[in-house]
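Heads up, the thing below is written out as structure tokens.
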Amino acid sequence: MRDLAASRENWRRAGFALASADFEADGIQFARLAAGAVEIDLCSIHSAESSSPLARHLREATANDSGGGIIGWVWGVKGVLVSDDRDPLAAPSESILMPALAQASIKAEMLSSGLPGVVTAAAPITLDIESRRQSLAQLCGTNANTVEYLEHIVVMTPVLDDAIAANTAVGVPCKRIREVGNGARQAFFKLEQTVLEVVGPASRGRPGCWGLALMCSDIAQAVATARANELQATEPKLAIQGGQIARIVDPLDGVAIAFMQPGRRRDD
């Protein structure tokens, strides 16, 4: 993000609760919010001399008109250190110092088996999903939009088979592939409560993250909260996968946001 204070306000207007204090490391400043057990970090370059691997990606993301976007993710690896299986004679890998829950900070190791142009890293975690949910709720507070978890994230990639191989390499196997026409395919992966949908080939020929679909307990309240804070939001409508869906019309810092509420499928 170009302006972290402005980004914090954008997400607050959309009904998200944010941690009261920011985290800073290696010249990068982080503001934290949560979707259940998933932590979402708003990142900004705090020092022009930043040595963090995030710095280059942040500069590229903020160079476009939207001023931001999703630049990548950090996988949580339970019970092992990320570097345990590395060849001791290999060159040291890059790492990102991130805010943590069980301790003040954690080191996330950049993974070479990721999507080109998308930050992919992994860090050891010790907390189960419910403990992470409770810790993030205590840190950030309750979301006014009633968001309970991250339901869906959509990623565009130039070569779908390469993306499938990259995810498989970090222990996230493809669950199914769907043909969508015009030569495009969708690959689906499951991460706890979240579906990762990778679509390829990307129309622009480069990878990118479309946005986030977030599950709410009360979609009407999510829409009302956004509108009360002068954000345009669509009326909830029936979703293809069941339940209801509504969208914030303009992206937040380059991120498209959809709210969902569970319900029966249309064909049930």
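Chains: A, B, ... in order of the structure tokens. Residues: from 1 per chain. Ligands: from 1, in order shown.
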Backbone-only DSSP, strand (DSSP E) members of region 17-241 of chain A, as number ranges by chain: A: 23-25, 28-35, 38-45, 72-78, 95-99, 105-110, 119-125, 147-156, 176-181, 184-191, 194-200, 208-216, 237-238
Residues near region 30-39 of chain A, cut-off 9 Å, only C-alpha atoms, skip fewer than 4 positions along chain, as a VMD selection string: chain A and resid 4 to 5 7 to 8 11 16 to 25 43 to 44 98 to 99 128 to 137 139 to 141 143 147 to 150 214 to 215
DSSP-assigned alpha helix (DSSP H) among region 14-241 of chain A, expressed as a ChimeraX atom specification: /A:54-62,129-140,160-169,219-228
Using only C-alpha atoms: which of A:Ser51, A:Asn167, A:Asn229, A:Gln221 has the shortest distance to Ala187 (chain A): A:Asn167
Best match for closeness to Leu252 (chain A) among A:Leu212, A:Ile45, A:Ala165, A:Ala224, counting only C-alpha atoms: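 Answer, going by the shortest atom-to-atom distance: A:Leu212.
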Pick from A:Leu54, A:Ile106, A:Leu238, A:Val195 nearest to Glu151 (chain A), counting only C-alpha atoms: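 Of the candidates, the smallest distance to Glu151 (chain A) is held by A:Val195.
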Interatomic distance (Å, one decimal) between CA of Val155 (chain A) and CA of Lys190 (chain A):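 Pair CA of Val155 (chain A) / CA of Lys190 (chain A) returns 13.6 Å.
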Residue contacts of Arg247 (chain A) (9 Å, only C-alpha atoms) excluding same-chain residues fewer than 6 positions away, as a list in words: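 After dropping sequence-adjacent residues, the list is Ala213, Val223, Gln232, Ala233, Thr234, Glu235, Pro236, Ala256, Ile257, Ala258, Phe259 and Met260 of chain A.
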From A:Thr146, A:Ser105, A:Gln244, A:Ser52, residue lying nearest Ser217 (chain A) [only C-alpha atoms]: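 Looking only at the distances to Ser217 (chain A), the closest residue turns out to be A:Thr146.
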For region 174-177 of chain A: contacts at 7 Å, only C-alpha atoms, fewer than 3 positions along chain excluded, given as number ranges by chain: A: 164, 185-189
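Taking CA of Ile28 (chain A) and CA of Glu49 (chain A) as the two end points, the separation is 9.9 Å.
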Selected residue of minimal separation from Pro53 (chain A) among A:Thr157, A:Asn10, A:Gln103, A:Thr120, counting only C-alpha atoms: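 Closest to Pro53 (chain A) of all the choices is A:Thr120.
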Nearest-residue call for Val170 (chain A), choices A:Ile40, A:Ile71, A:Cys216, A:Val77, using only C-alpha atoms: A:Val77
Selection near Ser95 (chain A), 7 Å with only C-alpha atoms, sequence-local residues under 2 positions removed, as a list in words: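 My reading of the contact set: Ser93, Leu97, Lys107, Ala108, Glu109 and Met110 of chain A.
Atom pair CA of Ala144 (chain A) / CA of Gln193 (chain A) has a distance of 20.7 Å (rounded to one decimal).
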